[in-house]
Amino acid sequence: MRPSWDEYFMQIAKLVSRRSTCTRRQVGAVLVKDKNILATGYNGVPSGITHCEVTGCLREQLKVPSGERHELCRGLHAEQNAIIQAAKHGINIDDATLYCTDSPCIICSKMLINAGVRRVTYLRGYPDQLSLEMLEEAGIVSVQFEGEVE
């Protein structure tokens, strides 16, 4: 049986997460419009920067809980990298849907709002209630995916 479009794009987000270089959490994101993939992203350090696998995780060293003090990280979030990839290649993501393995943090939510993303579908929650509240206030539909993803 053929998967639904949501399941299909969520499978791609999960596959993209395998490229992550983060030692704490592997996250993948896919920006989609009209059933076309516009950009993908995964969490990890910027291009040309030494990976945390080598340097060690600053957040682990400082015992920073998940969802707090985002600035204390060498990496970018998957959503940020997807937005940056689209911008770098001149791709308009206005009215797009984001499929992501995790719900966005507050920083990513603010970026998604200003980028014109209209829907966010995610697999796992993230400990950042303000991010979901801001998405709702901005009129962005935010839905936790209910199906199974391999």
# chains A, B, ... in the order shown; residues from 1 in each chain; ligands from 1
>>> select_by_dssp(residues="range 58-129 of chain A", states="alpha helix (DSSP H)", output="NGL selection string")
:A and (58-61 or 78-88 or 106-115 or 129)
>>> residues_around(residues="His89 in chain A", least_positions_apart="4", cutoff="12 Å", atoms="only C-alpha atoms", output="list in words")
Leu38, Ala39, Thr40, Ala82, Ile83, Ile84, Gln85 and Ile93 of chain A
>>> write_last_selection(atoms="C-alpha atoms", output="compact mmCIF listing (two decimals), in the first residue's frame")
# COMPACT_ATOMS: atom_id res chain seq x y z
CA LEU A 38 12.10 22.56 -1.91
CA ALA A 39 14.94 22.04 0.57
CA THR A 40 16.19 19.71 3.28
CA ALA A 82 16.58 23.91 5.44
CA ILE A 83 15.68 27.62 5.38
CA ILE A 84 19.32 28.55 4.68
CA GLN A 85 19.59 25.96 1.90
CA ILE A 93 9.43 28.77 0.69
>>> closest_residue(among="A:Cys22, A:Val45, A:Ala29, A:Val54", to="Ser103 in chain A", atoms="only C-alpha atoms")
A:Ala29
>>> residues_around(residues="Asn92 in chain A", least_positions_apart="3", cutoff="9 Å", atoms="only C-alpha atoms", output="list in words")
Leu38, Ala86, Ala87, Asp95, Ala96 and Ala115 of chain A
>>> residues_around(residues="Val16 in chain A", least_positions_apart="6", cutoff="9 Å", atoms="only C-alpha atoms", output="MDAnalysis selection string")
chainID A and resid 27:30 40:42
>>> closest_residue(among="A:Ile37, A:Val64, A:Leu15, A:Ile107", to="Leu76 in chain A", atoms="only C-alpha atoms")
A:Ile107
>>> closest_residue(among="A:Ile140, A:Val120, A:Cys52, A:Cys108", to="Gly67 in chain A", atoms="only C-alpha atoms")
A:Cys108
